[in-house]
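Structure file start-v2.cif (mmCIF, C-alpha atoms and all ligand atoms) is printed below.
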```
data_input
loop_
_atom_site.label_atom_id
_atom_site.label_comp_id
_atom_site.auth_asym_id
_atom_site.auth_seq_id
_atom_site.Cartn_x
_atom_site.Cartn_y
_atom_site.Cartn_z
CA MET A 1 -147.58 134.40 -0.58
CA LYS A 2 -146.29 135.39 -3.99
CA PRO A 3 -145.83 139.07 -4.78
CA ASP A 4 -147.66 140.41 -7.79
CA PRO A 5 -145.34 140.81 -10.75
CA ILE A 6 -145.68 144.58 -10.80
CA PRO A 7 -142.85 146.23 -12.74
CA SER A 8 -140.81 148.38 -10.40
CA SER A 9 -141.63 151.43 -12.51
CA GLU A 10 -145.27 151.08 -11.47
CA ILE A 11 -144.65 150.80 -7.76
CA THR A 12 -145.57 153.96 -5.93
CA PRO A 13 -142.49 155.32 -4.21
CA LYS A 14 -142.94 155.14 -0.49
CA ASP A 15 -142.68 158.85 0.17
CA LEU A 16 -145.18 159.70 -2.55
CA TYR A 17 -147.47 157.01 -1.25
CA LEU A 18 -147.17 158.42 2.21
CA SER A 19 -147.92 161.98 1.30
CA ARG A 20 -150.90 160.79 -0.74
CA ARG A 21 -152.05 158.87 2.29
CA GLU A 22 -151.70 161.94 4.47
CA PHE A 23 -153.69 163.82 1.85
CA LEU A 24 -156.46 161.22 1.77
CA LYS A 25 -156.52 161.20 5.53
CA THR A 26 -157.15 164.90 5.69
CA LEU A 27 -160.08 164.32 3.32
CA GLY A 28 -161.35 161.61 5.64
CA LEU A 29 -161.00 158.97 2.92
CA LEU A 30 -159.10 156.45 5.00
CA ALA A 31 -160.99 154.57 7.67
CA GLY A 32 -158.49 154.49 10.47
CA GLY A 33 -155.59 152.21 9.73
CA ALA A 34 -157.74 149.46 8.24
CA VAL A 35 -156.96 150.14 4.60
CA LEU A 36 -153.26 150.38 5.19
CA ALA A 37 -153.15 147.37 7.48
CA ALA A 38 -154.78 145.23 4.83
CA CYS A 39 -152.55 146.16 1.94
CA ALA A 40 -149.28 147.12 3.57
CA PRO A 41 -147.66 143.71 3.94
CA LYS A 42 -148.28 142.82 0.35
CA LEU A 43 -146.90 146.03 -0.99
CA ALA A 44 -143.97 145.73 1.37
CA GLU A 45 -143.10 142.31 0.03
CA THR A 46 -143.53 143.38 -3.54
CA GLN A 47 -141.28 146.31 -2.95
CA SER A 48 -138.51 144.36 -1.35
CA ALA A 49 -138.79 141.66 -3.98
CA ALA A 50 -138.24 144.26 -6.64
CA THR A 51 -135.76 146.13 -4.41
CA ALA A 52 -137.82 149.15 -5.37
CA ALA A 53 -138.12 150.64 -1.91
CA PRO A 54 -136.38 153.98 -2.01
CA ARG A 55 -133.45 154.53 0.28
CA PRO A 56 -133.27 157.86 2.05
CA ALA A 57 -131.09 160.12 -0.06
CA THR A 58 -129.29 161.27 3.07
CA ALA A 59 -128.86 159.88 6.53
CA SER A 60 -131.16 162.58 7.81
CA PRO A 61 -134.03 161.11 9.75
CA ARG A 62 -137.11 160.07 7.83
CA PRO A 63 -140.46 160.95 9.30
CA ALA A 64 -141.06 158.83 12.37
CA VAL A 65 -144.03 157.00 10.90
CA THR A 66 -144.62 153.29 10.59
CA PRO A 67 -146.03 153.19 7.09
CA PHE A 68 -145.31 149.67 5.95
CA SER A 69 -145.22 147.70 9.12
CA ARG A 70 -148.40 145.75 9.63
CA ALA A 71 -147.51 145.77 13.32
CA THR A 72 -147.33 148.64 15.75
CA ALA A 73 -145.98 146.62 18.68
CA ASP A 74 -144.25 143.37 19.56
CA GLU A 75 -146.13 140.39 21.01
CA LEU A 76 -145.64 141.79 24.53
CA GLY A 77 -147.42 145.01 23.56
CA ASP A 78 -144.34 147.20 23.46
CA PRO A 79 -144.37 149.75 20.61
CA LEU A 80 -141.99 149.56 17.68
CA ASN A 81 -139.03 151.88 17.80
CA SER A 82 -139.15 154.62 15.20
CA TYR A 83 -137.45 154.24 11.83
CA LYS A 84 -135.33 157.18 12.86
CA ASP A 85 -134.05 155.51 16.03
CA ILE A 86 -133.44 152.18 14.32
CA THR A 87 -131.43 153.76 11.52
CA ASN A 88 -129.53 156.39 13.50
CA TYR A 89 -128.40 154.56 16.64
CA ASN A 90 -126.26 151.64 15.51
CA ASN A 91 -123.39 149.44 16.54
CA TYR A 92 -121.23 148.83 13.49
CA TYR A 93 -117.55 148.90 14.37
CA GLU A 94 -116.46 148.54 10.73
CA PHE A 95 -117.52 152.17 10.39
CA THR A 96 -117.11 153.71 13.83
CA THR A 97 -117.69 153.00 17.51
CA ASP A 98 -119.86 156.13 17.67
CA LYS A 99 -123.44 154.84 17.50
CA GLN A 100 -124.77 158.13 16.22
CA GLY A 101 -122.04 158.41 13.60
CA VAL A 102 -122.63 155.15 11.75
CA ALA A 103 -125.52 156.32 9.55
CA VAL A 104 -123.54 159.14 7.95
CA LEU A 105 -120.37 157.09 7.41
CA ALA A 106 -122.32 154.16 5.95
CA ARG A 107 -124.56 156.31 3.76
CA ASP A 108 -122.87 155.48 0.45
CA PHE A 109 -121.83 151.95 1.28
CA PRO A 110 -123.10 149.81 -1.63
CA THR A 111 -125.48 147.07 -0.48
CA SER A 112 -126.77 145.88 -3.85
CA PRO A 113 -125.93 143.70 -5.68
CA TRP A 114 -124.78 141.52 -2.78
CA ASP A 115 -123.61 137.90 -2.82
CA VAL A 116 -123.42 135.32 -0.05
CA GLN A 117 -121.25 132.23 -0.36
CA VAL A 118 -122.58 129.17 1.53
CA HIS A 119 -119.92 126.50 1.88
CA GLY A 120 -118.06 124.13 4.20
CA LEU A 121 -119.64 120.84 5.35
CA VAL A 122 -122.50 120.87 2.86
CA HIS A 123 -123.38 118.68 -0.11
CA ARG A 124 -124.34 121.56 -2.41
CA PRO A 125 -122.10 124.61 -1.79
CA ARG A 126 -123.28 127.68 -3.70
CA THR A 127 -123.15 131.42 -3.97
CA PHE A 128 -126.51 133.19 -3.83
CA SER A 129 -127.34 136.78 -4.65
CA VAL A 130 -129.58 138.53 -2.13
CA ASP A 131 -132.02 139.27 -4.96
CA GLU A 132 -132.32 135.54 -5.59
CA LEU A 133 -132.78 134.80 -1.88
CA ILE A 134 -135.58 137.38 -1.71
CA ARG A 135 -137.34 135.86 -4.71
CA LYS A 136 -136.90 132.33 -3.41
CA PHE A 137 -137.74 132.75 0.27
CA GLN A 138 -140.25 135.61 0.28
CA PRO A 139 -139.21 137.70 3.29
CA GLU A 140 -141.89 138.13 5.93
CA GLU A 141 -142.16 140.68 8.71
CA ARG A 142 -140.76 139.67 12.09
CA VAL A 143 -141.04 142.11 14.97
CA TYR A 144 -138.21 141.33 17.39
CA ARG A 145 -136.66 142.90 20.45
CA LEU A 146 -132.96 143.60 19.99
CA ARG A 147 -131.07 143.66 23.29
CA CYS A 148 -127.51 144.91 23.09
CA VAL A 149 -124.99 143.57 25.60
CA GLU A 150 -124.43 147.24 26.53
CA ALA A 151 -127.92 147.19 28.12
CA TRP A 152 -129.98 149.18 25.64
CA SER A 153 -132.73 147.73 23.48
CA MET A 154 -135.14 148.38 20.64
CA VAL A 155 -138.18 146.78 18.99
CA ILE A 156 -137.53 146.35 15.26
CA PRO A 157 -139.82 145.20 12.43
CA TRP A 158 -137.45 143.19 10.23
CA LEU A 159 -138.15 141.71 6.84
CA GLY A 160 -136.44 138.36 6.60
CA PHE A 161 -136.66 134.61 6.16
CA PRO A 162 -135.60 131.73 8.40
CA LEU A 163 -131.91 130.88 7.99
CA ARG A 164 -133.07 127.25 8.07
CA LYS A 165 -134.49 127.61 4.56
CA LEU A 166 -131.12 128.60 3.13
CA LEU A 167 -129.27 125.87 5.04
CA LYS A 168 -131.67 123.23 3.73
CA GLU A 169 -130.95 124.42 0.21
CA VAL A 170 -127.23 123.55 0.54
CA GLU A 171 -127.84 120.23 2.38
CA PRO A 172 -125.64 120.23 5.50
CA ALA A 173 -123.46 117.11 5.87
CA GLY A 174 -123.95 114.87 8.89
CA SER A 175 -120.64 116.11 10.30
CA ALA A 176 -121.78 119.77 10.40
CA ARG A 177 -122.42 121.02 13.95
CA TYR A 178 -121.87 124.78 13.78
CA VAL A 179 -122.45 127.65 11.41
CA ARG A 180 -119.85 130.38 10.95
CA PHE A 181 -120.72 133.80 9.54
CA GLU A 182 -118.23 136.21 8.03
CA ALA A 183 -118.87 139.89 7.30
CA VAL A 184 -117.49 141.95 4.49
CA TYR A 185 -113.91 143.30 4.63
CA GLN A 186 -113.54 146.55 2.68
CA PRO A 187 -111.25 148.89 4.63
CA GLU A 188 -111.26 151.47 1.84
CA LYS A 189 -115.03 151.89 2.36
CA MET A 190 -115.20 151.08 6.08
CA PRO A 191 -112.96 153.42 8.06
CA GLY A 192 -113.30 151.43 11.29
CA GLN A 193 -111.54 148.48 9.64
CA LYS A 194 -108.34 150.52 9.60
CA VAL A 195 -108.33 150.22 13.39
CA PRO A 196 -105.96 147.27 13.88
CA PHE A 197 -107.18 146.43 17.40
CA TYR A 198 -110.04 144.34 16.00
CA PRO A 199 -109.37 141.08 14.15
CA TRP A 200 -111.30 141.90 10.97
CA PRO A 201 -113.43 140.65 9.34
CA TYR A 202 -116.21 140.53 11.95
CA GLN A 203 -117.22 136.93 12.41
CA GLU A 204 -119.86 135.14 14.42
CA GLY A 205 -121.21 131.65 14.95
CA LEU A 206 -124.16 129.56 16.06
CA ARG A 207 -124.66 125.95 16.95
CA LEU A 208 -126.46 124.21 14.08
CA ASP A 209 -129.67 123.69 16.08
CA GLU A 210 -129.70 127.40 17.01
CA ALA A 211 -129.21 128.26 13.35
CA MET A 212 -132.10 125.97 12.36
CA HIS A 213 -134.49 127.48 14.94
CA ASP A 214 -137.45 129.25 13.42
CA LEU A 215 -136.72 132.52 15.25
CA THR A 216 -133.29 132.78 13.57
CA ILE A 217 -133.61 134.86 10.43
CA LEU A 218 -131.55 136.45 7.73
CA ALA A 219 -132.89 139.97 7.39
CA THR A 220 -133.06 141.71 4.03
CA GLY A 221 -135.15 144.70 5.06
CA LEU A 222 -136.83 146.62 7.85
CA TYR A 223 -139.98 148.70 8.20
CA GLY A 224 -141.19 147.22 4.94
CA GLY A 225 -138.32 148.72 2.97
CA GLU A 226 -134.79 147.69 2.11
CA LEU A 227 -132.10 147.07 4.68
CA PRO A 228 -130.17 150.32 5.12
CA PRO A 229 -126.38 150.02 5.08
CA GLN A 230 -126.10 151.02 8.73
CA ASN A 231 -128.36 148.11 9.72
CA GLY A 232 -126.33 145.52 7.86
CA GLY A 233 -127.35 145.58 4.21
CA GLY A 234 -127.00 143.60 1.86
CA ILE A 235 -127.97 140.90 4.41
CA ARG A 236 -127.59 140.30 8.16
CA LEU A 237 -128.36 137.74 10.80
CA VAL A 238 -130.97 138.34 13.53
CA VAL A 239 -131.02 136.03 16.58
CA PRO A 240 -133.43 137.75 18.96
CA TRP A 241 -132.79 135.76 22.14
CA LYS A 242 -129.05 136.51 22.11
CA TYR A 243 -127.16 139.73 22.76
CA GLY A 244 -127.09 141.98 19.71
CA PHE A 245 -123.46 141.33 18.80
CA LYS A 246 -124.41 137.82 17.63
CA SER A 247 -126.63 139.38 14.92
CA ILE A 248 -123.79 139.96 12.45
CA LYS A 249 -124.26 142.51 9.66
CA ALA A 250 -123.15 142.54 6.02
CA ILE A 251 -122.61 138.79 5.71
CA ILE A 252 -120.67 137.52 2.69
CA LYS A 253 -119.87 133.97 3.84
CA ILE A 254 -121.76 131.27 5.71
CA GLU A 255 -119.73 128.16 6.50
CA LEU A 256 -120.88 124.90 8.07
CA THR A 257 -118.19 123.52 10.40
CA ALA A 258 -117.54 120.64 12.79
CA GLU A 259 -115.81 122.80 15.42
CA GLN A 260 -117.15 125.81 17.30
CA PRO A 261 -116.01 128.81 15.24
CA ALA A 262 -114.05 131.74 16.62
CA THR A 263 -115.98 135.00 16.95
CA LEU A 264 -114.66 138.54 16.87
CA TRP A 265 -115.85 139.42 20.36
CA SER A 266 -114.79 136.22 22.07
CA THR A 267 -111.35 136.66 20.46
CA VAL A 268 -110.98 140.24 21.68
CA ALA A 269 -112.43 139.69 25.19
CA PRO A 270 -113.18 136.02 25.94
CA ASP A 271 -114.16 136.64 29.57
CA GLU A 272 -116.72 139.28 28.57
CA TYR A 273 -118.37 137.87 25.44
CA GLY A 274 -119.10 134.16 25.34
CA PHE A 275 -119.98 132.11 22.30
CA TYR A 276 -123.57 131.51 23.44
CA ALA A 277 -124.32 135.05 24.64
CA ASN A 278 -127.94 134.29 25.49
CA VAL A 279 -129.69 137.27 27.08
CA ASN A 280 -129.74 136.49 30.80
CA PRO A 281 -130.61 139.06 33.47
CA ARG A 282 -129.09 136.85 36.18
CA VAL A 283 -125.59 136.80 34.70
CA ASP A 284 -123.87 140.16 34.88
CA HIS A 285 -121.31 141.38 32.43
CA PRO A 286 -117.98 141.64 34.29
CA ARG A 287 -118.24 145.45 34.13
CA TRP A 288 -121.99 146.09 34.52
CA SER A 289 -125.31 144.55 35.51
CA GLN A 290 -127.55 142.89 32.92
CA ARG A 291 -130.62 142.98 35.17
CA THR A 292 -132.22 145.98 33.47
CA GLU A 293 -132.03 147.79 30.16
CA ARG A 294 -132.78 151.15 28.57
CA ARG A 295 -135.35 150.92 25.78
CA ILE A 296 -134.33 153.56 23.26
CA GLY A 297 -137.01 156.26 23.24
CA GLU A 298 -138.17 155.55 26.80
CA PHE A 299 -137.36 157.16 30.12
CA GLY A 300 -136.14 155.04 32.96
CA ARG A 301 -135.19 151.39 32.71
CA ARG A 302 -137.09 148.15 32.31
CA ASP A 303 -136.34 144.63 33.47
CA THR A 304 -134.37 142.45 31.11
CA LEU A 305 -136.19 139.20 30.33
CA MET A 306 -134.64 135.73 30.30
CA PHE A 307 -133.70 134.90 26.70
CA ASN A 308 -134.93 138.42 25.89
CA GLY A 309 -138.52 137.23 26.32
CA TYR A 310 -138.21 134.22 24.00
CA ALA A 311 -137.65 131.56 26.71
CA GLU A 312 -140.75 129.60 25.78
CA GLN A 313 -139.43 129.09 22.26
CA VAL A 314 -135.72 128.54 22.92
CA ALA A 315 -135.04 127.40 26.49
CA GLN A 316 -135.12 123.73 25.46
CA LEU A 317 -132.09 124.30 23.23
CA TYR A 318 -130.03 124.62 26.40
CA ASN A 319 -131.33 121.72 28.49
CA GLY A 320 -128.52 120.40 30.64
CA MET A 321 -126.29 123.42 30.11
CA ASP A 322 -125.27 125.68 32.98
CA LEU A 323 -126.60 129.02 31.82
CA ARG A 324 -124.38 130.87 34.28
CA LEU A 325 -121.37 129.64 32.35
CA TYR A 326 -122.73 129.98 28.86
CA TYR A 327 -123.80 133.57 28.80
N1 LIG B 1 -120.59 143.31 11.06
C1 LIG B 1 -121.03 143.77 12.24
N2 LIG B 1 -122.19 143.29 12.72
C2 LIG B 1 -122.66 143.74 13.92
C3 LIG B 1 -121.94 144.68 14.68
C4 LIG B 1 -120.72 145.19 14.13
O1 LIG B 1 -120.03 146.03 14.74
N3 LIG B 1 -120.31 144.71 12.90
N4 LIG B 1 -122.43 145.10 15.90
C5 LIG B 1 -123.38 144.20 16.58
C6 LIG B 1 -124.02 144.79 17.75
S1 LIG B 1 -123.05 144.98 19.13
C7 LIG B 1 -125.35 145.10 17.77
S2 LIG B 1 -126.10 145.61 19.20
C8 LIG B 1 -126.17 145.02 16.54
C9 LIG B 1 -126.84 146.36 16.28
O2 LIG B 1 -127.71 146.28 15.19
P1 LIG B 1 -128.49 147.59 14.68
O3 LIG B 1 -127.48 148.69 14.50
O4 LIG B 1 -129.16 147.19 13.39
O5 LIG B 1 -129.50 147.94 15.74
O6 LIG B 1 -125.42 144.66 15.41
C10 LIG B 1 -124.45 143.66 15.63
N5 LIG B 1 -123.86 143.25 14.36
MO MO B 2 -124.49 145.24 20.86
#
```
Written as structure tokens, how would this file's structure read?
Amino acid sequence: MKPDPIPSSEITPKDLYLSRREFLKTLGLLAGGAVLAACAPKLAETQSAATAAPRPATASPRPAVTPFSRATADELGDPLNSYKDITNYNNYYEFTTDKQGVAVLARDFPTSPWDVQVHGLVHRPRTFSVDELIRKFQPEERVYRLRCVEAWSMVIPWLGFPLRKLLKEVEPAGSARYVRFEAVYQPEKMPGQKVPFYPWPYQEGLRLDEAMHDLTILATGLYGGELPPQNGGGIRLVVPWKYGFKSIKAIIKIELTAEQPATLWSTVAPDEYGFYANVNPRVDHPRWSQRTERRIGEFGRRDTLMFNGYAEQVAQLYNGMDLRLYY
């Protein structure tokens, strides 16, 4: 689907659009959600393609509406988390370990323009701007559960494209078996990077077949708008069947390698955070159970699902592996 070439100056700012919608609704001019549902995805894509979606001027919560998501729930019927929750409860140790403090500290972190270098065991190494990636690969909405290893979770409507598309573009060599991701290192803008305990920059990795799986995306937006700095803008990985720490934010380098790459968390605590880190309710973290989780915005706890509910799509990637060892 190609976005209409609407100049960004003609795109209705989201907040204006919203208040007009509220206005029309009070006049009874909108038939339920039908009008919005039909046009929202297109506008969302156009907006992100033009990077015209307005960013909140402050980290103060936006209204908890779901204006540009065509979905209201994931495929299991669980409702989306609010924009407010998704953008105000974050793990992002480059800024702070305080989940509710990330949004404010990251507020002025520049996410555009943003470049990603793709290199290593590839025939056509190249640097891409995120704007170019958005034009080329047309981000689509993907509603995914995000399950943190700390046993909380959310349902998030990402805008993104399969990582596979980018990897194909650079033509991986036959010797490539893993993909290594490196996040930005800017200690003058990211106060958490002055904490020497962590081996900055944040890095992560996937096996090449995991990276090529259709569920694995690079996200460039959420809720139909741009990707806020606290959620990993300019661009971040999302691997929904793995614990959240695999979904590395603010990526500047993607490298194809022959050897399994080191990761920040398996370097800091190898017996707590494995390379595979597949969500698995039967394998406890050394310090707590992984059997259940707290869905942000809900009371009580819910059962954690094998592979975070994506077993049908991904279990075959791990045939012959002992999942008790490869959590
Ligand atoms: N660069 C970077 N990426 C990161 C992290 C981080 O600290 N730094 N935290 C990870 C963890 S533990 C989780 S649970 C998710 C949280 O993503 P969210 O804040 O968008 O929900 O980001 C992951 N990606
Ligand atoms: Mo996490």
Which residues of chain A sit at most 9 Å from ligand LIG 1 (chain B), using only C-alpha atoms and all ligand atoms? Give each one's shortest atom pair and distance in Å (one decimal place), in chain and ascending residue order, as CSV.
```
residue,atom,partner,partner_atom,distance
A:Asp85,CA,B:LIG1,O5,8.8
A:Ile86,CA,B:LIG1,O5,6.0
A:Thr87,CA,B:LIG1,O3,7.1
A:Asn88,CA,B:LIG1,O3,8.0
A:Tyr89,CA,B:LIG1,O3,6.3
A:Asn90,CA,B:LIG1,O3,3.3
A:Asn91,CA,B:LIG1,N4,4.5
A:Tyr92,CA,B:LIG1,O1,3.3
A:Tyr93,CA,B:LIG1,O1,3.8
A:Glu94,CA,B:LIG1,N3,5.8
A:Phe95,CA,B:LIG1,O1,7.9
A:Thr96,CA,B:LIG1,O1,8.3
A:Thr97,CA,B:LIG1,O1,7.9
A:Lys99,CA,B:LIG1,O3,7.9
A:Val102,CA,B:LIG1,O3,8.5
A:Leu146,CA,B:LIG1,O5,7.0
A:Arg147,CA,B:LIG1,S2,6.7
A:Cys148,CA,B:LIG1,S2,4.2
A:Val149,CA,B:LIG1,S2,6.8
A:Glu150,CA,B:LIG1,S2,7.7
A:Trp152,CA,B:LIG1,S2,8.3
A:Ser153,CA,B:LIG1,S2,8.2
A:Met154,CA,B:LIG1,O5,7.5
A:Ile156,CA,B:LIG1,O5,8.2
A:Glu182,CA,B:LIG1,N1,8.1
A:Ala183,CA,B:LIG1,N1,5.4
A:Val184,CA,B:LIG1,N1,7.4
A:Pro201,CA,B:LIG1,N1,7.8
A:Tyr202,CA,B:LIG1,N1,5.3
A:Gln203,CA,B:LIG1,N1,7.3
A:Glu204,CA,B:LIG1,N2,8.6
A:Pro228,CA,B:LIG1,O4,8.9
A:Gln230,CA,B:LIG1,O3,6.4
A:Asn231,CA,B:LIG1,O4,3.9
A:Gly232,CA,B:LIG1,O4,6.4
A:Arg236,CA,B:LIG1,N2,7.7
A:Leu237,CA,B:LIG1,N5,8.0
A:Val238,CA,B:LIG1,O6,8.6
A:Tyr243,CA,B:LIG1,S2,7.0
A:Gly244,CA,B:LIG1,S2,3.8
A:Phe245,CA,B:LIG1,C5,3.6
A:Lys246,CA,B:LIG1,C10,6.2
A:Ser247,CA,B:LIG1,N5,4.8
A:Ile248,CA,B:LIG1,N2,3.7
A:Lys249,CA,B:LIG1,N2,3.8
A:Ala250,CA,B:LIG1,N1,5.7
A:Ile251,CA,B:LIG1,N1,7.3
```
Identify the residues within 12 Å of coordinate (-135.4, 143.4, 6.8) (same frame as the file), considering all atoms listed in the file, and give the answer as an MDAnalysis selection string. chainID A and resid 44:45 47:49 51 53 68:69 86 130 134 138:144 156:162 217:229 231:238 249
Would you tabulate, counting only C-alpha atoms, all residues of segment 186-291 of chain A that have an atom at most 8 Å from an atom of segment 118-121 of chain A, showing the closest pair of atoms and their distance in Å to one decimal, sorted by chain then ascending number, as CSV?
```
residue,atom,partner,partner_atom,distance
A:Lys253,CA,A:Val118,CA,6.0
A:Ile254,CA,A:Val118,CA,4.7
A:Glu255,CA,A:His119,CA,4.9
A:Leu256,CA,A:Gly120,CA,4.8
A:Thr257,CA,A:Leu121,CA,5.9
A:Ala258,CA,A:Leu121,CA,7.7
```
To one decimal place, how far is atom CA of Arg126 of chain A from atom CA of Pro199 of chain A in Å? 26.3 Å
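Counting from atom CA of Pro196 of chain A, the distance to atom CA of Asn278 of chain A is 28.0 Å.
Comparing the minimum interatomic distances between ligand MO 2 (chain B) and each of A:Ala106, A:Met190, A:Val279, A:Met212, counting all atoms listed in the file, we find that A:Val279 sits nearest.
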Starting from the structure just given, write a file holding segment 97-110 of chain A with N, CA and C atoms, as a JSON list (two decimals), in the first residue's frame.
```
[["chain", "number", "residue", "atom", "x", "y", "z"],
["A", 97, "THR", "N", 17.15, 3.68, 35.58],
["A", 97, "THR", "CA", 16.52, 2.39, 35.88],
["A", 97, "THR", "C", 15.11, 2.59, 36.45],
["A", 98, "ASP", "N", 14.71, 3.85, 36.60],
["A", 98, "ASP", "CA", 13.37, 4.17, 37.11],
["A", 98, "ASP", "C", 12.39, 4.19, 35.94],
["A", 99, "LYS", "N", 11.54, 3.18, 35.88],
["A", 99, "LYS", "CA", 10.64, 3.05, 34.71],
["A", 99, "LYS", "C", 9.76, 4.27, 34.49],
["A", 100, "GLN", "N", 9.37, 4.91, 35.61],
["A", 100, "GLN", "CA", 8.49, 6.06, 35.45],
["A", 100, "GLN", "C", 9.26, 7.37, 35.25],
["A", 101, "GLY", "N", 10.59, 7.26, 35.24],
["A", 101, "GLY", "CA", 11.41, 8.46, 35.04],
["A", 101, "GLY", "C", 11.99, 8.58, 33.64],
["A", 102, "VAL", "N", 11.83, 7.54, 32.83],
["A", 102, "VAL", "CA", 12.45, 7.55, 31.50],
["A", 102, "VAL", "C", 11.86, 8.64, 30.61],
["A", 103, "ALA", "N", 10.53, 8.75, 30.59],
["A", 103, "ALA", "CA", 9.87, 9.65, 29.65],
["A", 103, "ALA", "C", 10.39, 11.08, 29.79],
["A", 104, "VAL", "N", 10.52, 11.55, 31.01],
["A", 104, "VAL", "CA", 10.97, 12.93, 31.23],
["A", 104, "VAL", "C", 12.43, 13.09, 30.81],
["A", 105, "LEU", "N", 13.28, 12.14, 31.19],
["A", 105, "LEU", "CA", 14.70, 12.26, 30.86],
["A", 105, "LEU", "C", 14.96, 12.14, 29.35],
["A", 106, "ALA", "N", 14.10, 11.40, 28.67],
["A", 106, "ALA", "CA", 14.31, 11.15, 27.23],
["A", 106, "ALA", "C", 13.59, 12.18, 26.37],
["A", 107, "ARG", "N", 12.86, 13.09, 27.01],
["A", 107, "ARG", "CA", 11.95, 13.97, 26.28],
["A", 107, "ARG", "C", 12.63, 14.70, 25.11],
["A", 108, "ASP", "N", 13.83, 15.22, 25.34],
["A", 108, "ASP", "CA", 14.48, 16.01, 24.29],
["A", 108, "ASP", "C", 15.53, 15.23, 23.52],
["A", 109, "PHE", "N", 15.56, 13.93, 23.70],
["A", 109, "PHE", "CA", 16.55, 13.13, 22.98],
["A", 109, "PHE", "C", 16.19, 13.13, 21.49],
["A", 110, "PRO", "N", 17.13, 13.57, 20.62],
["A", 110, "PRO", "CA", 16.78, 13.69, 19.20],
["A", 110, "PRO", "C", 16.71, 12.32, 18.51]]
```
